[in-house]
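Asks: After the structure tokens below, expect a handful of questions from me.
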Amino acid sequence: MDDATAPYEEAPPGPLVGPDWLAARLGRPGLRVFDASVGAHRGAPVRIPGARPFDLDGALSAPGAPLPHTMPDAARFTEEMRALGLHDGDTAVVYDAAGLYSAARGWWMLRAMGFDRVAVLDGGLPGWTAAGLPVEEGAPGGPPERGDFTAVERPGLFVDADEVAAALTDPAAAVFDARSRERFRGTAPEPRPGLRGGHMPGAVSLPFTEVQHEGRMRPAAELRALFDALAPDRSRLLFSCGSGVTACVPALAAELAGRGGTAVYDGSWSEWGLPSPDRPVATGD
């Protein structure tokens, strides 16, 4: 392993780092920066220097899956991350061009595949540029040297519809819905055709925008107070959204609040909202 792929010895101080932390270490061997932007923010005209695309809309979703943004299996995830140059001993920082929207999904996926030396960039690309930090334009350079990362799936970080259904009636669990309150109530249309409006009976509305302020994650003390108010004495917290992406933002918030036992419903409303007598839907608050 040469200097360009030597392990980066300093792990992130937590699951969230600020622009100053990343800027002070940018370009060091073994520090990988990934852009996990989705939708309209995918392929932004500028990026943090050296960043590689963590393509949630493409290669880093399971091919042929009937639902969007489905987590790929360990073999595919290993291959895609090696192609991005990731080594088992690296440190990774994930950001997105919206601020705090889809980067947490990349963070969650890496953790679910056994990689813990990863953090989300607080404020994302907007926070980076607002701080006057450097960016690159144009397409990334040629492919990096292949990494040696090997995914080791960590059970329990992603859950399916049956596990969510059980949690909805479990007094020790809480299921949070990170979509907007209007979609939760069923008063706003779903952006994906064919889905019912409303929410899972017993779910708690927690829009992903409410765990952040002005594009940055709220302080840990505020997040602890929020979860203590919404889910007192709940040891298991499950998170859902439209397609399993923004659900990872309040999951990150729960981590920062010191809450354990968290999981993300990978199918989210893209699955639960499909017409089905086995998955009931409620409307209103």
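Identifiers in the structure tokens: chain A, B, ... in order shown; residue index from 1 per chain; ligand index from 1 in order shown.
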Per residue of segment 128-218 of chain A within 7 Å of segment 241-253 of chain A, record the nearest atom pair and its distance in Å to one decimal, counting only C-alpha atoms, with rows in chain order and ascending residue number, as JSON lines.
Replies:
{"residue": "A:Asp177", "atom": "CA", "partner": "A:Cys241", "partner_atom": "CA", "distance": 5.5}
{"residue": "A:Ala178", "atom": "CA", "partner": "A:Cys241", "partner_atom": "CA", "distance": 4.8}
{"residue": "A:Arg179", "atom": "CA", "partner": "A:Cys241", "partner_atom": "CA", "distance": 5.2}
{"residue": "A:Phe208", "atom": "CA", "partner": "A:Pro250", "partner_atom": "CA", "distance": 5.8}
{"residue": "A:Val211", "atom": "CA", "partner": "A:Pro250", "partner_atom": "CA", "distance": 6.4}
Asks: Store the residues of this selection in a file with N, CA and C atoms, as a PDB file, in the first residue's frame.
Replies:
ATOM      1  N   ASP A 177     -41.562   9.009  11.422  1.00  0.00           N
ATOM      2  CA  ASP A 177     -41.766   9.275   9.999  1.00  0.00           C
ATOM      3  C   ASP A 177     -41.117  10.615   9.674  1.00  0.00           C
ATOM      4  N   ALA A 178     -40.084  10.596   8.820  1.00  0.00           N
ATOM      5  CA  ALA A 178     -39.308  11.805   8.533  1.00  0.00           C
ATOM      6  C   ALA A 178     -39.856  12.624   7.375  1.00  0.00           C
ATOM      7  N   ARG A 179     -40.989  12.208   6.791  1.00  0.00           N
ATOM      8  CA  ARG A 179     -41.587  13.010   5.723  1.00  0.00           C
ATOM      9  C   ARG A 179     -42.207  14.286   6.307  1.00  0.00           C
ATOM     10  N   PHE A 208     -37.559  15.433   8.866  1.00  0.00           N
ATOM     11  CA  PHE A 208     -36.097  15.486   8.988  1.00  0.00           C
ATOM     12  C   PHE A 208     -35.595  16.924   9.110  1.00  0.00           C
ATOM     13  N   VAL A 211     -34.842  18.398  12.901  1.00  0.00           N
ATOM     14  CA  VAL A 211     -33.679  18.085  13.733  1.00  0.00           C
ATOM     15  C   VAL A 211     -32.489  18.954  13.330  1.00  0.00           C
TER      16      VAL A 211
END
Asks: Determine which residues of segment 18-247 of chain A receive a DSSP assignment of alpha helix (DSSP H), computed from the backbone, and state them as a VMD selection string.
Replies: chain A and resid 19 to 25 74 to 83 103 to 112 124 to 130 161 to 168 181 to 185 220 to 230
Asks: Using only C-alpha atoms, which residue out of A:Gly267, A:Gly147, A:Pro201, A:Pro13 lies closest to Leu86 of chain A?
Replies: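 Result for the nearest residue to Leu86 of chain A: A:Gly147.
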Asks: Going by DSSP on the backbone, which bits of segment 1-226 of chain A are strand (DSSP E or B)? Write them as a CSV table (one decimal) with N, CA and C atoms, in the first residue's frame, please.
Replies:
chain,number,residue,atom,x,y,z
A,16,LEU,N,-20.6,13.3,13.3
A,16,LEU,CA,-20.8,14.6,12.6
A,16,LEU,C,-19.6,15.4,12.8
A,17,VAL,N,-19.1,16.0,11.7
A,17,VAL,CA,-17.9,16.9,11.7
A,17,VAL,C,-18.2,18.1,11.0
A,31,LEU,N,-7.9,9.7,3.9
A,31,LEU,CA,-9.1,10.4,4.1
A,31,LEU,C,-9.9,10.4,2.8
A,32,ARG,N,-11.1,9.8,2.9
A,32,ARG,CA,-11.9,9.8,1.7
A,32,ARG,C,-13.1,10.7,1.9
A,33,VAL,N,-13.5,11.4,0.9
A,33,VAL,CA,-14.6,12.3,0.9
A,33,VAL,C,-15.6,11.9,-0.2
A,34,PHE,N,-16.9,11.7,0.2
A,34,PHE,CA,-17.9,11.2,-0.7
A,34,PHE,C,-19.0,12.2,-0.8
A,35,ASP,N,-19.5,12.4,-2.0
A,35,ASP,CA,-20.7,13.3,-2.3
A,35,ASP,C,-21.9,12.3,-2.5
A,46,VAL,N,-19.9,22.1,-8.6
A,46,VAL,CA,-18.7,22.1,-7.8
A,46,VAL,C,-18.7,21.1,-6.8
A,47,ARG,N,-17.6,20.7,-6.2
A,47,ARG,CA,-17.5,19.7,-5.2
A,47,ARG,C,-16.3,20.0,-4.3
A,52,ARG,N,-15.5,12.0,-4.3
A,52,ARG,CA,-16.0,11.1,-5.2
A,52,ARG,C,-17.5,10.9,-5.0
A,53,PRO,N,-18.2,10.6,-6.1
A,53,PRO,CA,-19.7,10.4,-6.0
A,53,PRO,C,-20.1,9.1,-5.3
A,91,THR,N,-10.6,6.7,6.8
A,91,THR,CA,-11.6,7.5,7.4
A,91,THR,C,-12.4,8.2,6.3
A,92,ALA,N,-13.7,8.2,6.4
A,92,ALA,CA,-14.6,8.7,5.3
A,92,ALA,C,-15.5,9.9,5.9
A,93,VAL,N,-15.7,10.9,5.1
A,93,VAL,CA,-16.6,11.9,5.4
A,93,VAL,C,-17.6,12.0,4.2
A,94,VAL,N,-18.9,12.0,4.5
A,94,VAL,CA,-19.9,12.0,3.5
A,94,VAL,C,-20.7,13.4,3.6
A,95,TYR,N,-20.9,14.0,2.4
A,95,TYR,CA,-21.7,15.2,2.4
A,95,TYR,C,-22.7,15.2,1.3
A,118,VAL,N,-16.5,6.8,9.9
A,118,VAL,CA,-17.3,7.6,8.9
A,118,VAL,C,-18.1,8.7,9.7
A,119,ALA,N,-18.2,9.9,9.1
A,119,ALA,CA,-18.9,11.0,9.6
A,119,ALA,C,-19.6,11.7,8.5
A,120,VAL,N,-20.7,12.4,8.9
A,120,VAL,CA,-21.4,13.3,8.0
A,120,VAL,C,-20.9,14.7,8.2
A,121,LEU,N,-20.7,15.5,7.0
A,121,LEU,CA,-20.3,16.8,7.1
A,121,LEU,C,-21.5,17.7,7.4
A,136,GLU,N,-13.7,22.3,-6.2
A,136,GLU,CA,-13.3,22.0,-7.6
A,136,GLU,C,-14.5,22.0,-8.5
A,137,GLU,N,-14.2,22.3,-9.8
A,137,GLU,CA,-15.2,22.3,-10.8
A,137,GLU,C,-14.9,21.2,-11.8
A,158,PHE,N,-30.9,-2.0,9.3
A,158,PHE,CA,-32.0,-1.9,8.3
A,158,PHE,C,-33.1,-2.9,8.7
A,159,VAL,N,-34.3,-2.5,8.6
A,159,VAL,CA,-35.4,-3.4,9.0
A,159,VAL,C,-36.4,-3.4,7.8
A,173,ALA,N,-40.8,0.4,21.7
A,173,ALA,CA,-40.3,0.9,20.4
A,173,ALA,C,-41.1,2.1,20.0
A,174,ALA,N,-40.5,2.9,19.1
A,174,ALA,CA,-41.2,4.1,18.5
A,174,ALA,C,-40.8,4.1,17.0
A,175,VAL,N,-41.7,4.4,16.1
A,175,VAL,CA,-41.5,4.5,14.7
A,175,VAL,C,-41.7,5.9,14.3
A,176,PHE,N,-40.6,6.5,13.8
A,176,PHE,CA,-40.7,7.9,13.4
A,176,PHE,C,-40.8,8.1,11.9
A,177,ASP,N,-41.6,9.0,11.4
A,177,ASP,CA,-41.8,9.3,10.0
A,177,ASP,C,-41.1,10.6,9.7
A,199,HIS,N,-50.1,7.8,6.9
A,199,HIS,CA,-48.9,7.3,7.7
A,199,HIS,C,-49.3,6.0,8.3
A,204,VAL,N,-44.9,8.3,14.6
A,204,VAL,CA,-44.7,9.6,15.2
A,204,VAL,C,-44.1,10.5,14.1
A,205,SER,N,-44.7,11.6,13.8
A,205,SER,CA,-44.2,12.5,12.8
A,205,SER,C,-43.0,13.3,13.3
A,212,GLN,N,-32.7,19.9,12.5
A,212,GLN,CA,-31.7,20.8,12.0
A,212,GLN,C,-32.2,22.3,12.1
A,213,HIS,N,-31.2,23.2,12.0
A,213,HIS,CA,-31.5,24.6,12.0
A,213,HIS,C,-30.5,25.3,11.1
A,216,ARG,N,-27.8,23.1,9.6
A,216,ARG,CA,-26.9,22.4,10.5
A,216,ARG,C,-27.7,21.6,11.5
A,217,MET,N,-27.1,20.5,12.0
A,217,MET,CA,-27.8,19.7,13.0
A,217,MET,C,-27.9,20.5,14.3
Asks: Ranking A:Thr129, A:Thr262, A:Thr150, A:Ser276 by minimum distance to Trp108 of chain A and counting only C-alpha atoms, which one comes first?
Replies: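 Checking each candidate against Trp108 of chain A, we get A:Thr262 as the closest.
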Asks: For a test of reading the model, state the distance in Å between atom CA of Tyr265 of chain A and atom CA of Ala97 of chain A, rounded to one decimal.
Replies: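 It comes out at 23.8 Å.
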Asks: What gap, in Å, lies between atom CA of Arg28 of chain A and atom CA of Pro72 of chain A?
Replies: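 The value is 29.3 Å.
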Asks: Please list as a ChimeraX atom specification every residue within 12 Å of segment 61-70 of chain A, counting only C-alpha atoms and excluding residues in the same chain fewer than 4 positions away.
Replies: /A:36,38-39,54-57,74-77,80,102,105-106,109,158-160,192,241-247,264-274
Asks: Might you pull out every residue within 12 Å of Thr78 of chain A, with only C-alpha atoms counted and same-chain residues fewer than 6 positions away left off, and present them as a PDB file with all heavy atoms, in the first residue's frame?
Replies:
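Result went into selection.pdb, see below:
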ATOM      1  N   ALA A  59     -25.326   3.482  -8.757  1.00  0.00           N
ATOM      2  CA  ALA A  59     -24.575   2.267  -8.439  1.00  0.00           C
ATOM      3  C   ALA A  59     -24.727   1.804  -7.004  1.00  0.00           C
ATOM      4  O   ALA A  59     -24.580   0.616  -6.716  1.00  0.00           O
ATOM      5  CB  ALA A  59     -23.093   2.478  -8.752  1.00  0.00           C
ATOM      6  N   LEU A  60     -25.046   2.715  -6.086  1.00  0.00           N
ATOM      7  CA  LEU A  60     -25.139   2.330  -4.678  1.00  0.00           C
ATOM      8  C   LEU A  60     -26.578   2.084  -4.223  1.00  0.00           C
ATOM      9  O   LEU A  60     -26.895   2.188  -3.043  1.00  0.00           O
ATOM     10  CB  LEU A  60     -24.426   3.357  -3.792  1.00  0.00           C
ATOM     11  CG  LEU A  60     -22.896   3.149  -3.834  1.00  0.00           C
ATOM     12  CD1 LEU A  60     -22.158   4.369  -3.358  1.00  0.00           C
ATOM     13  CD2 LEU A  60     -22.508   1.919  -3.025  1.00  0.00           C
ATOM     14  N   PRO A  72     -27.970  -2.212  -1.367  1.00  0.00           N
ATOM     15  CA  PRO A  72     -27.402  -3.364  -2.082  1.00  0.00           C
ATOM     16  C   PRO A  72     -26.856  -4.407  -1.114  1.00  0.00           C
ATOM     17  O   PRO A  72     -26.628  -4.120   0.064  1.00  0.00           O
ATOM     18  CB  PRO A  72     -26.280  -2.739  -2.915  1.00  0.00           C
ATOM     19  CG  PRO A  72     -25.906  -1.501  -2.183  1.00  0.00           C
ATOM     20  CD  PRO A  72     -27.156  -1.002  -1.517  1.00  0.00           C
ATOM     21  N   LEU A  84     -14.430   3.025  -5.480  1.00  0.00           N
ATOM     22  CA  LEU A  84     -14.284   4.409  -5.016  1.00  0.00           C
ATOM     23  C   LEU A  84     -12.987   4.614  -4.239  1.00  0.00           C
ATOM     24  O   LEU A  84     -12.745   5.722  -3.739  1.00  0.00           O
ATOM     25  CB  LEU A  84     -15.486   4.806  -4.161  1.00  0.00           C
ATOM     26  CG  LEU A  84     -16.806   4.994  -4.913  1.00  0.00           C
ATOM     27  CD1 LEU A  84     -17.952   5.224  -3.927  1.00  0.00           C
ATOM     28  CD2 LEU A  84     -16.704   6.165  -5.889  1.00  0.00           C
ATOM     29  N   GLY A  85     -12.196   3.563  -4.102  1.00  0.00           N
ATOM     30  CA  GLY A  85     -10.901   3.693  -3.460  1.00  0.00           C
ATOM     31  C   GLY A  85     -10.900   3.512  -1.964  1.00  0.00           C
ATOM     32  O   GLY A  85      -9.891   3.803  -1.311  1.00  0.00           O
ATOM     33  N   LEU A  86     -11.977   3.002  -1.378  1.00  0.00           N
ATOM     34  CA  LEU A  86     -12.061   2.899   0.075  1.00  0.00           C
ATOM     35  C   LEU A  86     -11.294   1.680   0.580  1.00  0.00           C
ATOM     36  O   LEU A  86     -11.448   0.574   0.070  1.00  0.00           O
ATOM     37  CB  LEU A  86     -13.526   2.800   0.517  1.00  0.00           C
ATOM     38  CG  LEU A  86     -13.743   2.805   2.034  1.00  0.00           C
ATOM     39  CD1 LEU A  86     -13.391   4.155   2.636  1.00  0.00           C
ATOM     40  CD2 LEU A  86     -15.190   2.430   2.377  1.00  0.00           C
ATOM     41  N   HIS A  87     -10.498   1.908   1.617  1.00  0.00           N
ATOM     42  CA  HIS A  87      -9.772   0.844   2.310  1.00  0.00           C
ATOM     43  C   HIS A  87     -10.374   0.655   3.700  1.00  0.00           C
ATOM     44  O   HIS A  87     -10.960   1.576   4.287  1.00  0.00           O
ATOM     45  CB  HIS A  87      -8.290   1.196   2.435  1.00  0.00           C
ATOM     46  CG  HIS A  87      -7.558   1.210   1.138  1.00  0.00           C
ATOM     47  ND1 HIS A  87      -6.914   0.111   0.622  1.00  0.00           N
ATOM     48  CD2 HIS A  87      -7.379   2.208   0.229  1.00  0.00           C
ATOM     49  CE1 HIS A  87      -6.361   0.422  -0.547  1.00  0.00           C
ATOM     50  NE2 HIS A  87      -6.629   1.682  -0.806  1.00  0.00           N
ATOM     51  N   ASP A  88     -10.187  -0.533   4.236  1.00  0.00           N
ATOM     52  CA  ASP A  88     -10.727  -0.833   5.561  1.00  0.00           C
ATOM     53  C   ASP A  88     -10.197   0.112   6.635  1.00  0.00           C
ATOM     54  O   ASP A  88     -10.892   0.402   7.605  1.00  0.00           O
ATOM     55  CB  ASP A  88     -10.396  -2.275   5.952  1.00  0.00           C
ATOM     56  CG  ASP A  88     -11.279  -3.288   5.234  1.00  0.00           C
ATOM     57  OD1 ASP A  88     -12.479  -3.007   5.057  1.00  0.00           O
ATOM     58  OD2 ASP A  88     -10.772  -4.357   4.857  1.00  0.00           O
ATOM     59  N   MET A 109     -25.362   3.595   5.585  1.00  0.00           N
ATOM     60  CA  MET A 109     -25.026   2.413   4.789  1.00  0.00           C
ATOM     61  C   MET A 109     -23.636   1.890   5.134  1.00  0.00           C
ATOM     62  O   MET A 109     -23.442   0.677   5.270  1.00  0.00           O
ATOM     63  CB  MET A 109     -25.125   2.756   3.300  1.00  0.00           C
ATOM     64  CG  MET A 109     -26.539   2.996   2.805  1.00  0.00           C
ATOM     65  SD  MET A 109     -26.597   3.699   1.129  1.00  0.00           S
ATOM     66  CE  MET A 109     -25.985   2.329   0.143  1.00  0.00           C
ATOM     67  N   LEU A 110     -22.677   2.777   5.257  1.00  0.00           N
ATOM     68  CA  LEU A 110     -21.332   2.346   5.601  1.00  0.00           C
ATOM     69  C   LEU A 110     -21.315   1.678   6.973  1.00  0.00           C
ATOM     70  O   LEU A 110     -20.685   0.630   7.163  1.00  0.00           O
ATOM     71  CB  LEU A 110     -20.373   3.532   5.555  1.00  0.00           C
ATOM     72  CG  LEU A 110     -19.946   3.941   4.140  1.00  0.00           C
ATOM     73  CD1 LEU A 110     -19.409   5.366   4.121  1.00  0.00           C
ATOM     74  CD2 LEU A 110     -18.897   2.975   3.602  1.00  0.00           C
ATOM     75  N   MET A 113     -22.662  -1.758   6.927  1.00  0.00           N
ATOM     76  CA  MET A 113     -21.740  -2.710   6.309  1.00  0.00           C
ATOM     77  C   MET A 113     -20.418  -2.785   7.065  1.00  0.00           C
ATOM     78  O   MET A 113     -19.384  -3.155   6.502  1.00  0.00           O
ATOM     79  CB  MET A 113     -21.515  -2.340   4.846  1.00  0.00           C
ATOM     80  CG  MET A 113     -22.720  -2.640   3.972  1.00  0.00           C
ATOM     81  SD  MET A 113     -23.051  -4.440   3.882  1.00  0.00           S
ATOM     82  CE  MET A 113     -24.586  -4.452   2.959  1.00  0.00           C
ATOM     83  N   GLY A 114     -20.440  -2.417   8.352  1.00  0.00           N
ATOM     84  CA  GLY A 114     -19.309  -2.656   9.231  1.00  0.00           C
ATOM     85  C   GLY A 114     -18.221  -1.610   9.226  1.00  0.00           C
ATOM     86  O   GLY A 114     -17.162  -1.826   9.827  1.00  0.00           O
ATOM     87  N   PHE A 115     -18.447  -0.468   8.579  1.00  0.00           N
ATOM     88  CA  PHE A 115     -17.419   0.578   8.502  1.00  0.00           C
ATOM     89  C   PHE A 115     -17.813   1.714   9.434  1.00  0.00           C
ATOM     90  O   PHE A 115     -18.781   2.436   9.175  1.00  0.00           O
ATOM     91  CB  PHE A 115     -17.288   1.088   7.060  1.00  0.00           C
ATOM     92  CG  PHE A 115     -16.128   2.012   6.833  1.00  0.00           C
ATOM     93  CD1 PHE A 115     -14.873   1.511   6.535  1.00  0.00           C
ATOM     94  CD2 PHE A 115     -16.290   3.381   6.921  1.00  0.00           C
ATOM     95  CE1 PHE A 115     -13.793   2.363   6.320  1.00  0.00           C
ATOM     96  CE2 PHE A 115     -15.226   4.243   6.719  1.00  0.00           C
ATOM     97  CZ  PHE A 115     -13.975   3.733   6.421  1.00  0.00           C
ATOM     98  N   ARG A 146      -7.922   1.097  -6.648  1.00  0.00           N
ATOM     99  CA  ARG A 146      -8.933   0.305  -5.958  1.00  0.00           C
ATOM    100  C   ARG A 146      -8.600   0.126  -4.485  1.00  0.00           C
ATOM    101  O   ARG A 146      -7.441  -0.068  -4.105  1.00  0.00           O
ATOM    102  CB  ARG A 146      -9.092  -1.071  -6.616  1.00  0.00           C
ATOM    103  CG  ARG A 146      -9.870  -1.033  -7.921  1.00  0.00           C
ATOM    104  CD  ARG A 146      -9.979  -2.410  -8.518  1.00  0.00           C
ATOM    105  NE  ARG A 146     -10.693  -3.328  -7.658  1.00  0.00           N
ATOM    106  CZ  ARG A 146     -12.024  -3.430  -7.590  1.00  0.00           C
ATOM    107  NH1 ARG A 146     -12.780  -2.646  -8.322  1.00  0.00           N
ATOM    108  NH2 ARG A 146     -12.593  -4.305  -6.795  1.00  0.00           N
ATOM    109  N   GLY A 147      -9.631   0.178  -3.668  1.00  0.00           N
ATOM    110  CA  GLY A 147      -9.452  -0.051  -2.247  1.00  0.00           C
ATOM    111  C   GLY A 147      -9.558  -1.520  -1.896  1.00  0.00           C
ATOM    112  O   GLY A 147      -9.798  -2.375  -2.751  1.00  0.00           O
ATOM    113  N   ASP A 148      -9.391  -1.801  -0.598  1.00  0.00           N
ATOM    114  CA  ASP A 148      -9.482  -3.194  -0.138  1.00  0.00           C
ATOM    115  C   ASP A 148     -10.631  -3.392   0.853  1.00  0.00           C
ATOM    116  O   ASP A 148     -10.695  -4.410   1.544  1.00  0.00           O
ATOM    117  CB  ASP A 148      -8.161  -3.637   0.500  1.00  0.00           C
ATOM    118  CG  ASP A 148      -7.791  -2.842   1.763  1.00  0.00           C
ATOM    119  OD1 ASP A 148      -8.639  -2.086   2.284  1.00  0.00           O
ATOM    120  OD2 ASP A 148      -6.640  -2.979   2.224  1.00  0.00           O
ATOM    121  N   PHE A 149     -11.543  -2.413   0.908  1.00  0.00           N
ATOM    122  CA  PHE A 149     -12.671  -2.514   1.835  1.00  0.00           C
ATOM    123  C   PHE A 149     -13.459  -3.798   1.603  1.00  0.00           C
ATOM    124  O   PHE A 149     -13.710  -4.192   0.462  1.00  0.00           O
ATOM    125  CB  PHE A 149     -13.596  -1.312   1.658  1.00  0.00           C
ATOM    126  CG  PHE A 149     -14.941  -1.456   2.308  1.00  0.00           C
ATOM    127  CD1 PHE A 149     -15.080  -1.328   3.675  1.00  0.00           C
ATOM    128  CD2 PHE A 149     -16.071  -1.746   1.555  1.00  0.00           C
ATOM    129  CE1 PHE A 149     -16.315  -1.462   4.280  1.00  0.00           C
ATOM    130  CE2 PHE A 149     -17.308  -1.881   2.148  1.00  0.00           C
ATOM    131  CZ  PHE A 149     -17.430  -1.747   3.520  1.00  0.00           C
ATOM    132  N   THR A 150     -13.856  -4.423   2.696  1.00  0.00           N
ATOM    133  CA  THR A 150     -14.731  -5.594   2.630  1.00  0.00           C
ATOM    134  C   THR A 150     -15.923  -5.370   3.538  1.00  0.00           C
ATOM    135  O   THR A 150     -15.767  -5.150   4.743  1.00  0.00           O
ATOM    136  CB  THR A 150     -13.983  -6.871   3.057  1.00  0.00           C
ATOM    137  OG1 THR A 150     -12.883  -7.083   2.171  1.00  0.00           O
ATOM    138  CG2 THR A 150     -14.915  -8.078   3.005  1.00  0.00           C
ATOM    139  N   ALA A 151     -17.110  -5.397   2.965  1.00  0.00           N
ATOM    140  CA  ALA A 151     -18.326  -5.190   3.747  1.00  0.00           C
ATOM    141  C   ALA A 151     -18.609  -6.396   4.631  1.00  0.00           C
ATOM    142  O   ALA A 151     -18.509  -7.543   4.183  1.00  0.00           O
ATOM    143  CB  ALA A 151     -19.506  -4.941   2.812  1.00  0.00           C
ATOM    144  N   VAL A 152     -18.959  -6.116   5.868  1.00  0.00           N
ATOM    145  CA  VAL A 152     -19.408  -7.141   6.808  1.00  0.00           C
ATOM    146  C   VAL A 152     -20.754  -6.666   7.343  1.00  0.00           C
ATOM    147  O   VAL A 152     -20.818  -5.755   8.174  1.00  0.00           O
ATOM    148  CB  VAL A 152     -18.406  -7.359   7.958  1.00  0.00           C
ATOM    149  CG1 VAL A 152     -18.926  -8.421   8.912  1.00  0.00           C
ATOM    150  CG2 VAL A 152     -17.038  -7.750   7.407  1.00  0.00           C
ATOM    151  N   GLU A 153     -21.810  -7.265   6.837  1.00  0.00           N
ATOM    152  CA  GLU A 153     -23.160  -6.767   7.151  1.00  0.00           C
ATOM    153  C   GLU A 153     -23.440  -6.845   8.640  1.00  0.00           C
ATOM    154  O   GLU A 153     -23.191  -7.865   9.284  1.00  0.00           O
ATOM    155  CB  GLU A 153     -24.201  -7.566   6.377  1.00  0.00           C
ATOM    156  CG  GLU A 153     -25.586  -6.990   6.473  1.00  0.00           C
ATOM    157  CD  GLU A 153     -26.553  -7.641   5.509  1.00  0.00           C
ATOM    158  OE1 GLU A 153     -26.106  -8.481   4.692  1.00  0.00           O
ATOM    159  OE2 GLU A 153     -27.747  -7.306   5.558  1.00  0.00           O
TER     160      GLU A 153
END
Asks: Given only C-alpha atoms as the basis, pick out the residue of A:Ala161, A:Ala203, A:Ala11, A:Ala51 nearest to Ala282 of chain A.
Replies: A:Ala203
Asks: Please determine, counting only C-alpha atoms, which residue among A:Ala139, A:Leu230, A:Ile48, A:Leu133 has the shortest atom-to-atom distance to Asp96 of chain A.
Replies: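 Nearest candidate to Asp96 of chain A out of A:Ala139, A:Leu230, A:Ile48, A:Leu133: A:Ile48.
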